[in-house]
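protein-v6.cif (mmCIF, C-alpha atoms) appears below.
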```cif
data_run
#
loop_
_atom_site.label_atom_id
_atom_site.label_comp_id
_atom_site.auth_asym_id
_atom_site.auth_seq_id
_atom_site.Cartn_x
_atom_site.Cartn_y
_atom_site.Cartn_z
CA ASP A 693 -76.56 -42.33 -136.32
CA GLY A 694 -77.65 -44.83 -138.95
CA GLY A 695 -77.48 -48.48 -138.10
CA ILE A 696 -79.18 -51.70 -137.12
CA THR A 697 -80.51 -52.40 -133.66
CA GLN A 698 -81.42 -55.77 -132.23
CA SER A 699 -83.24 -56.37 -129.00
CA PRO A 700 -82.95 -57.80 -126.53
CA LYS A 701 -79.23 -58.56 -126.29
CA TYR A 702 -79.90 -61.64 -124.15
CA LEU A 703 -83.08 -63.70 -124.19
CA PHE A 704 -84.07 -66.71 -122.18
CA ARG A 705 -86.91 -69.01 -123.17
CA LYS A 706 -88.54 -72.01 -121.64
CA GLU A 707 -89.02 -75.06 -123.81
CA GLY A 708 -92.32 -74.97 -125.69
CA GLN A 709 -92.54 -71.18 -125.82
CA ASN A 710 -92.43 -68.98 -128.88
CA VAL A 711 -90.19 -65.93 -128.71
CA THR A 712 -89.73 -62.94 -131.02
CA LEU A 713 -86.43 -61.21 -131.74
CA SER A 714 -86.53 -57.61 -132.87
CA CYS A 715 -84.49 -56.09 -135.71
CA GLU A 716 -84.81 -52.46 -136.77
CA GLN A 717 -82.75 -50.47 -139.29
CA ASN A 718 -82.70 -46.79 -140.21
CA LEU A 719 -80.35 -47.16 -143.18
CA ASN A 720 -83.20 -47.10 -145.69
CA HIS A 721 -82.10 -50.51 -146.96
CA ASP A 722 -84.49 -52.62 -148.99
CA ALA A 723 -83.13 -56.04 -148.03
CA MET A 724 -82.92 -57.61 -144.60
CA TYR A 725 -81.59 -60.96 -143.40
CA TRP A 726 -81.59 -63.23 -140.36
CA TYR A 727 -78.67 -65.51 -139.57
CA ARG A 728 -78.02 -68.09 -136.92
CA GLN A 729 -74.49 -68.51 -135.60
CA ASP A 730 -73.24 -71.60 -133.77
CA PRO A 731 -69.60 -72.16 -132.76
CA GLY A 732 -67.53 -73.51 -135.65
CA GLN A 733 -70.38 -73.32 -138.16
CA GLY A 734 -70.15 -69.79 -139.46
CA LEU A 735 -73.38 -67.95 -140.25
CA ARG A 736 -76.36 -69.81 -141.64
CA LEU A 737 -79.20 -67.95 -143.36
CA ILE A 738 -82.65 -68.39 -141.81
CA TYR A 739 -84.85 -65.98 -143.79
CA TYR A 740 -84.36 -62.97 -146.00
CA SER A 741 -86.52 -60.22 -147.43
CA GLN A 742 -85.68 -58.13 -150.46
CA ILE A 743 -88.75 -55.89 -150.24
CA VAL A 744 -91.61 -55.06 -147.90
CA ASN A 745 -94.34 -57.71 -147.67
CA ASP A 746 -92.12 -60.34 -149.27
CA PHE A 747 -89.64 -62.81 -147.81
CA GLN A 748 -87.97 -66.10 -148.68
CA LYS A 749 -86.70 -69.08 -146.74
CA GLY A 750 -82.99 -69.45 -146.28
CA ASP A 751 -81.06 -72.63 -145.62
CA ILE A 752 -82.42 -73.38 -142.13
CA ALA A 753 -85.95 -71.89 -141.99
CA GLU A 754 -87.67 -74.79 -140.21
CA GLY A 755 -88.99 -73.74 -136.81
CA TYR A 756 -88.72 -70.01 -137.57
CA SER A 757 -91.10 -67.40 -138.98
CA VAL A 758 -90.74 -63.76 -140.04
CA SER A 759 -92.78 -60.80 -141.20
CA ARG A 760 -91.89 -57.68 -143.16
CA GLU A 761 -94.71 -55.18 -142.78
CA LYS A 762 -92.41 -52.15 -142.68
CA LYS A 763 -89.17 -51.39 -144.48
CA GLU A 764 -87.41 -50.68 -141.18
CA SER A 765 -88.42 -53.80 -139.30
CA PHE A 766 -87.87 -57.55 -139.78
CA PRO A 767 -88.80 -59.48 -136.61
CA LEU A 768 -87.92 -63.16 -136.24
CA THR A 769 -90.06 -65.58 -134.26
CA VAL A 770 -88.46 -68.72 -132.92
CA THR A 771 -91.26 -71.22 -132.52
CA SER A 772 -91.57 -74.24 -130.28
CA ALA A 773 -91.01 -76.36 -133.41
CA GLN A 774 -87.36 -75.32 -133.52
CA LYS A 775 -85.58 -78.29 -131.94
CA ASN A 776 -82.37 -76.59 -130.85
CA PRO A 777 -82.90 -72.82 -130.69
CA THR A 778 -80.03 -71.91 -128.35
CA ALA A 779 -77.71 -69.80 -130.53
CA PHE A 780 -76.53 -66.31 -131.41
CA TYR A 781 -78.86 -64.58 -133.88
CA LEU A 782 -77.68 -61.84 -136.21
CA CYS A 783 -79.76 -59.48 -138.32
CA ALA A 784 -78.34 -57.70 -141.36
CA SER A 785 -79.48 -55.33 -144.08
CA SER A 786 -78.25 -54.31 -147.52
CA ILE A 787 -79.08 -52.42 -150.71
CA PRO A 788 -79.04 -55.14 -153.35
CA GLY A 789 -77.55 -54.15 -156.67
CA GLY A 790 -75.64 -51.12 -157.83
CA ARG A 791 -71.97 -50.50 -157.34
CA GLY A 792 -72.31 -51.40 -153.68
CA GLY A 793 -73.19 -54.91 -154.66
CA ASN A 794 -74.68 -56.75 -151.78
CA GLU A 795 -72.52 -55.66 -148.85
CA GLN A 796 -74.42 -56.45 -145.69
CA PHE A 797 -74.44 -54.40 -142.50
CA PHE A 798 -74.92 -56.27 -139.24
CA GLY A 799 -76.63 -55.61 -135.96
CA PRO A 800 -75.04 -56.45 -132.58
CA GLY A 801 -76.89 -59.76 -132.22
CA THR A 802 -79.21 -61.47 -129.75
CA ARG A 803 -78.12 -64.47 -127.72
CA LEU A 804 -81.04 -66.83 -127.15
CA THR A 805 -80.83 -69.50 -124.48
CA VAL A 806 -83.46 -72.16 -123.95
CA LEU A 807 -83.79 -73.23 -120.33
CA ALA B 59 -74.32 -73.51 -155.52
CA GLN B 60 -71.82 -71.10 -154.09
CA SER B 61 -69.61 -72.09 -151.16
CA VAL B 62 -66.71 -70.78 -149.10
CA THR B 63 -63.96 -72.72 -147.35
CA GLN B 64 -61.70 -71.31 -144.67
CA PRO B 65 -59.19 -74.11 -144.11
CA ASP B 66 -57.80 -72.80 -140.82
CA ILE B 67 -60.13 -72.97 -137.85
CA HIS B 68 -57.66 -71.35 -135.45
CA ILE B 69 -54.44 -69.39 -136.08
CA THR B 70 -52.02 -68.08 -133.47
CA VAL B 71 -49.45 -65.39 -134.24
CA SER B 72 -47.15 -63.16 -132.21
CA GLU B 73 -47.78 -59.46 -132.06
CA GLY B 74 -45.86 -57.74 -134.84
CA ALA B 75 -45.76 -60.83 -137.04
CA SER B 76 -47.36 -60.97 -140.47
CA LEU B 77 -50.70 -62.66 -141.01
CA GLU B 78 -52.41 -64.49 -143.85
CA LEU B 79 -55.90 -65.99 -143.52
CA ARG B 80 -56.95 -68.29 -146.31
CA CYS B 81 -60.26 -68.29 -148.16
CA ASN B 82 -61.30 -70.44 -151.12
CA TYR B 83 -64.63 -70.02 -152.85
CA SER B 84 -66.76 -71.85 -155.35
CA TYR B 85 -68.91 -69.76 -157.66
CA GLY B 86 -69.93 -70.01 -161.29
CA ALA B 87 -69.28 -66.42 -162.34
CA THR B 88 -67.31 -63.43 -161.13
CA PRO B 89 -68.03 -63.30 -157.43
CA TYR B 90 -68.52 -60.54 -154.97
CA LEU B 91 -66.09 -61.32 -152.10
CA PHE B 92 -65.99 -59.99 -148.56
CA TRP B 93 -63.99 -60.28 -145.37
CA TYR B 94 -65.74 -59.53 -142.06
CA VAL B 95 -64.37 -59.45 -138.51
CA GLN B 96 -66.27 -60.32 -135.34
CA SER B 97 -65.26 -59.64 -131.73
CA PRO B 98 -66.75 -61.99 -129.12
CA GLY B 99 -70.47 -61.42 -128.57
CA GLN B 100 -70.63 -58.70 -131.23
CA GLY B 101 -71.95 -58.28 -134.74
CA LEU B 102 -69.82 -58.45 -137.88
CA GLN B 103 -67.84 -55.52 -139.25
CA LEU B 104 -66.79 -55.30 -142.89
CA LEU B 105 -63.02 -55.22 -143.40
CA LEU B 106 -62.93 -55.09 -147.19
CA LYS B 107 -64.70 -56.18 -150.35
CA TYR B 108 -63.98 -57.08 -153.96
CA PHE B 109 -66.39 -56.53 -156.84
CA SER B 110 -64.24 -55.94 -159.90
CA GLY B 111 -61.12 -54.15 -161.09
CA ASP B 112 -57.86 -54.21 -159.16
CA THR B 113 -57.40 -57.64 -157.65
CA LEU B 114 -55.56 -56.28 -154.60
CA VAL B 115 -58.00 -54.49 -152.33
CA GLN B 116 -57.26 -52.42 -149.28
CA GLY B 117 -59.45 -52.38 -146.23
CA ILE B 118 -59.72 -50.89 -142.79
CA LYS B 119 -57.27 -51.49 -139.93
CA GLY B 120 -54.37 -52.10 -142.33
CA PHE B 121 -55.80 -55.27 -143.90
CA GLU B 122 -55.61 -56.17 -147.57
CA ALA B 123 -56.79 -59.10 -149.68
CA GLU B 124 -55.91 -60.41 -153.11
CA PHE B 125 -58.41 -61.97 -155.51
CA LYS B 126 -56.85 -64.81 -157.52
CA ARG B 127 -59.33 -66.16 -160.03
CA SER B 128 -57.07 -69.03 -161.14
CA GLN B 129 -56.88 -70.31 -157.57
CA SER B 130 -60.44 -69.36 -156.52
CA SER B 131 -58.91 -67.64 -153.53
CA PHE B 132 -59.32 -64.40 -151.64
CA ASN B 133 -56.73 -64.48 -148.87
CA LEU B 134 -56.60 -61.79 -146.20
CA ARG B 135 -53.23 -60.34 -145.17
CA LYS B 136 -51.76 -57.90 -142.70
CA PRO B 137 -48.03 -57.11 -142.51
CA SER B 138 -47.88 -56.55 -138.73
CA VAL B 139 -50.54 -57.85 -136.35
CA HIS B 140 -51.65 -55.91 -133.27
CA TRP B 141 -53.09 -57.46 -130.12
CA SER B 142 -56.41 -55.77 -130.91
CA ASP B 143 -56.69 -57.85 -134.10
CA ALA B 144 -57.58 -60.92 -132.04
CA ALA B 145 -61.08 -61.87 -133.22
CA GLU B 146 -62.90 -64.23 -135.57
CA TYR B 147 -62.67 -63.57 -139.29
CA PHE B 148 -65.22 -64.60 -141.89
CA CYS B 149 -64.88 -64.76 -145.64
CA ALA B 150 -68.09 -64.50 -147.67
CA VAL B 151 -69.12 -64.77 -151.32
CA GLY B 152 -72.13 -62.99 -152.77
CA SER B 153 -74.23 -63.61 -155.84
CA ALA B 154 -74.74 -60.98 -158.51
CA GLY B 155 -78.01 -62.24 -159.89
CA GLY B 156 -80.65 -64.90 -160.15
CA THR B 157 -82.82 -66.12 -157.32
CA SER B 158 -79.91 -65.83 -154.88
CA TYR B 159 -79.43 -62.15 -155.61
CA GLY B 160 -78.27 -60.27 -152.53
CA LYS B 161 -77.49 -63.37 -150.48
CA LEU B 162 -74.09 -64.04 -148.93
CA THR B 163 -72.57 -67.43 -148.17
CA PHE B 164 -70.12 -67.42 -145.28
CA GLY B 165 -67.16 -69.60 -144.46
CA GLN B 166 -66.91 -71.29 -141.09
CA GLY B 167 -64.60 -68.62 -139.72
CA THR B 168 -61.00 -68.44 -138.53
CA ILE B 169 -60.26 -67.54 -134.92
CA LEU B 170 -57.15 -65.41 -134.57
CA THR B 171 -55.20 -65.41 -131.32
CA VAL B 172 -52.39 -62.88 -130.87
CA HIS B 173 -49.58 -63.56 -128.39
CA PRO B 174 -47.74 -60.60 -126.85
#
```
I need this file expressed as structure tokens, please.
Amino acid sequence: DGGITQSPKYLFRKEGQNVTLSCEQNLNHDAMYWYRQDPGQGLRLIYYSQIVNDFQKGDIAEGYSVSREKKESFPLTVTSAQKNPTAFYLCASSIPGGRGGNEQFFGPGTRLTVL
Amino acid sequence: AQSVTQPDIHITVSEGASLELRCNYSYGATPYLFWYVQSPGQGLQLLLKYFSGDTLVQGIKGFEAEFKRSQSSFNLRKPSVHWSDAAEYFCAVGSAGGTSYGKLTFGQGTILTVHP
């Protein structure tokens, strides 16, 4: 089955530690995205990548980093510089352009809690 | 810059009643518009989308939405709500070009509670 997987589902981190969230897709999509979700704030874009080896900052990139070495994978690292990292993180992918426009497909999410 | 407003943070309806969730957007050209649904602790699922053509679009689970350019709105409707529709609903607007190509901007979400 085609889709997006995120791991782990739950992640706990001590203050001062970096942690990496995994996102993998087998939809053959060019574009991938990372969002942060907090109650009552909707989804806020952290980083996005429209092609391998290229990515751009979203609205709240400070304290986060990404890489896009393979089309299928777009890992997100939450660094110790992120002041308030406890949140629900969602990964998405899409095929920009064409009649499909930019519909995004979402993974199941990772809940990160800082202890 | 594009933006989306969902005026209702929380809506409660009785099972079998009709439903309308409001969405207003701000965008300089013809937008791509989406409605997604999210169950607690899950990812988002696409309900329906509008790109062009017929302004009334049909989606999954019996939902529909109407694009009204003059009102900058894309309200979601369902004639008879089921208990399983209880979830959070997000409206989103997408850009068709420029440096924001492919990006979506989401509203803050509307939580739907369904009473038996």
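Taking all atoms listed in the file, the non-local environment of Met724 (chain A) within 8 Å (same-chain residues fewer than 6 positions away omitted) comprises A:Tyr740, A:Ser741, A:Gln742, A:Phe766, A:Cys783, A:Ala784, A:Ser785, A:Ser786.
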Since we have the selection now, will you write its residues out, keeping C-alpha atoms, as an mmCIF file, keeping the file's coordinate frame?
```
data_model
loop_
_atom_site.group_PDB
_atom_site.id
_atom_site.type_symbol
_atom_site.label_atom_id
_atom_site.label_comp_id
_atom_site.auth_asym_id
_atom_site.auth_seq_id
_atom_site.Cartn_x
_atom_site.Cartn_y
_atom_site.Cartn_z
ATOM 1 C CA TYR A 740 -84.360 -62.970 -146.000
ATOM 2 C CA SER A 741 -86.520 -60.220 -147.430
ATOM 3 C CA GLN A 742 -85.680 -58.130 -150.460
ATOM 4 C CA PHE A 766 -87.870 -57.550 -139.780
ATOM 5 C CA CYS A 783 -79.760 -59.480 -138.320
ATOM 6 C CA ALA A 784 -78.340 -57.700 -141.360
ATOM 7 C CA SER A 785 -79.480 -55.330 -144.080
ATOM 8 C CA SER A 786 -78.250 -54.310 -147.520
#
```
Separation of CA of His721 (chain A) and CA of Val744 (chain A), in Å? 10.6 Å
I need the chain A residues near chain B as a ChimeraX atom specification; criterion: at most 7 Å, counting only C-alpha atoms. /A:732-735,782,788,794,798-801
Store the residues picked out above in a file with C-alpha atoms, as an mmCIF file, in the frame of the given file.
```
data_model
loop_
_atom_site.group_PDB
_atom_site.id
_atom_site.type_symbol
_atom_site.label_atom_id
_atom_site.label_comp_id
_atom_site.auth_asym_id
_atom_site.auth_seq_id
_atom_site.Cartn_x
_atom_site.Cartn_y
_atom_site.Cartn_z
ATOM 1 C CA GLY A 732 -67.530 -73.510 -135.650
ATOM 2 C CA GLN A 733 -70.380 -73.320 -138.160
ATOM 3 C CA GLY A 734 -70.150 -69.790 -139.460
ATOM 4 C CA LEU A 735 -73.380 -67.950 -140.250
ATOM 5 C CA LEU A 782 -77.680 -61.840 -136.210
ATOM 6 C CA PRO A 788 -79.040 -55.140 -153.350
ATOM 7 C CA ASN A 794 -74.680 -56.750 -151.780
ATOM 8 C CA PHE A 798 -74.920 -56.270 -139.240
ATOM 9 C CA GLY A 799 -76.630 -55.610 -135.960
ATOM 10 C CA PRO A 800 -75.040 -56.450 -132.580
ATOM 11 C CA GLY A 801 -76.890 -59.760 -132.220
#
```
Expansion of the PyMOL selection byres ((chain B and resi 76) around 10) into residues, as JSON, numbers by chain: {"B": [71, 72, 73, 74, 75, 77, 78, 135, 136, 137, 138, 139, 140]}
List the neighbours of Asn82 (chain B) out to 10 Å using only C-alpha atoms; skip same-chain residues closer than 4 positions along the sequence, and give me the result as a VMD selection string. chain B and resid 61 to 65 125 to 126 129 to 133 149 to 151 165
Centre, x/y/z edge lengths, axis-aligned box for region 104-114 of chain B with 3 Å per side, as lines of an AutoDock Vina configuration file:
```
center_x = -61.2
center_y = -55.9
center_z = -152.0
size_x = 17.2
size_y = 9.5
size_z = 24.2
```
Do a neighbour search on Lys706 (chain A) at 9 Å with only C-alpha atoms, toss out local chain neighbours closer than 4 positions, and write the hits as a PyMOL selection string. chain A and resi 710+805-807
One decimal, in Å: what's the spacing between CA of Lys119 (chain B) and CA of Ser142 (chain B)? 10.0 Å
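Across A:Lys775, A:Arg803, A:Lys701, A:Arg728, the tightest approach to Gly755 (chain A) is made by A:Lys775 when counting all atoms listed in the file.
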Using the chain letters and numbers from this file, what does the PyMOL selection byres ((chain A and resi 749) around 9) select? Give the answer as a PyMOL selection string. chain A and resi 737-741+747-748+750-754
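As for CA of Ser128 (chain B) and CA of Thr113 (chain B), they are spaced 11.9 Å apart.
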Which residues are close to Tyr756 (chain A), i.e. within 7 Å by all atoms listed in the file, leaving aside same-chain residues fewer than 6 positions away? Reply as a short mmCIF file (atom, residue, chain, number, x, y, z; two decimals) with C-alpha atoms, in the coordinates of the input.
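Final output, selection.cif:
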```
data_model
loop_
_atom_site.label_atom_id
_atom_site.label_comp_id
_atom_site.auth_asym_id
_atom_site.auth_seq_id
_atom_site.Cartn_x
_atom_site.Cartn_y
_atom_site.Cartn_z
CA THR A 769 -90.06 -65.58 -134.26
CA VAL A 770 -88.46 -68.72 -132.92
CA THR A 771 -91.26 -71.22 -132.52
CA GLN A 774 -87.36 -75.32 -133.52
#
```
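Between Tyr83 (chain B) and the candidates B:Ile118, B:Ala59, B:Asp66, B:Ala123, the tightest atom-to-atom separation, counting all atoms listed in the file, involves B:Ala59.
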